[in-house]
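Some notes on the structure that comes next.
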Amino acid sequence: MPTTPQASRVLTAVLNGAATTAYYASPDLLRSRAARGWVKAGLTVVLVAGSVPDMRRGKAAARAAQAELPEEERVDWAEAARTMPARGKVAAAAVAAALVGGSVASVVVAERWIFRRGEARRAAGVPYAHTRAALLWGAVAAGLALIPDPDERRAAPAR
């Protein structure tokens, strides 16, 4: 059953929507590449800072779920890492590096595509070419922030 969004989630959605829109609309507002870079860096800090409360809630929920497990089913990740053979540690580090590298590369490719598409639309004479798409990306970011976590749906009182 749908629940009413918490005020913090609504605030996060508004923050994400506005910052994402500003991020992608910046080429229409700032022609200087350096200025856009600084503005985008600042907006990224805002977006990351806005995600900290959700990260803390998720961490607390994971700890609570771990504490509910019987002692024999609990996983001590620090102990698991200490007892892992060197070969396993190297493999885990390689997988982590590949995942991070792939993630960064995919974001760069997507960002460049979005920028080139906006520039092509600007060259075709479309006013506010970047801003139109930015409004869509901002709406998507806000909408995604409003989706409740599965744990919250389970914990919601029945109506």
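FYI, nothing fancy with the structure tokens labels: chains A, B, ... in order, residues from 1 per chain, ligands from 1 as they appear.
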For this session: Would you return as an MDAnalysis selection string the members of chain A that DSSP assigns to helix (DSSP H, G or I) on this structure's backbone?
Result: chainID A and resid 7:29 33:68 71:73 77:83 86:123 129:146 150:155
For this session: Do a neighbour search on Ala49 in chain A at 12 Å with only C-alpha atoms, toss out local chain neighbours closer than 5 positions, and write the hits as a PyMOL selection string.
Result: chain A and resi 12+15-16+19+42-44+54-56
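The shortest atom-to-atom distance to Gly143 in chain A, with only C-alpha atoms taken into account, belongs to A:Val14 out of A:Ala96, A:Ser8, A:Val14, A:Ala78.
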Seminar exercise, completed: For Leu11 in chain A, the closest of A:Ala81, A:Leu47, A:Ala110, A:Ala105 counting only C-alpha atoms is A:Leu47
Exercise. Contacts of Val75 in chain A at 12 Å or less, counting only C-alpha atoms, minus same-chain residues fewer than 4 places along, as a PyMOL selection string?
Worked result: chain A and resi 62-63+65-67+69-71+79-81
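Close contacts of range 21-37 of chain A, defined as residues with an atom at most 8 Å away when counting only C-alpha atoms, with chain neighbours fewer than 6 positions off set aside, comprise Leu43, Tyr128, Ala129, His130, Thr131, Arg132, Ala133, Ala134, Leu135, Leu136, Trp137 and Gly138 of chain A.
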Problem set entry | Straight-line distance linking CA of Arg82 in chain A with CA of Ala94 in chain A, stated in Å to one decimal |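 One can read the CA of Arg82 in chain A to CA of Ala94 in chain A distance as 17.3 Å.
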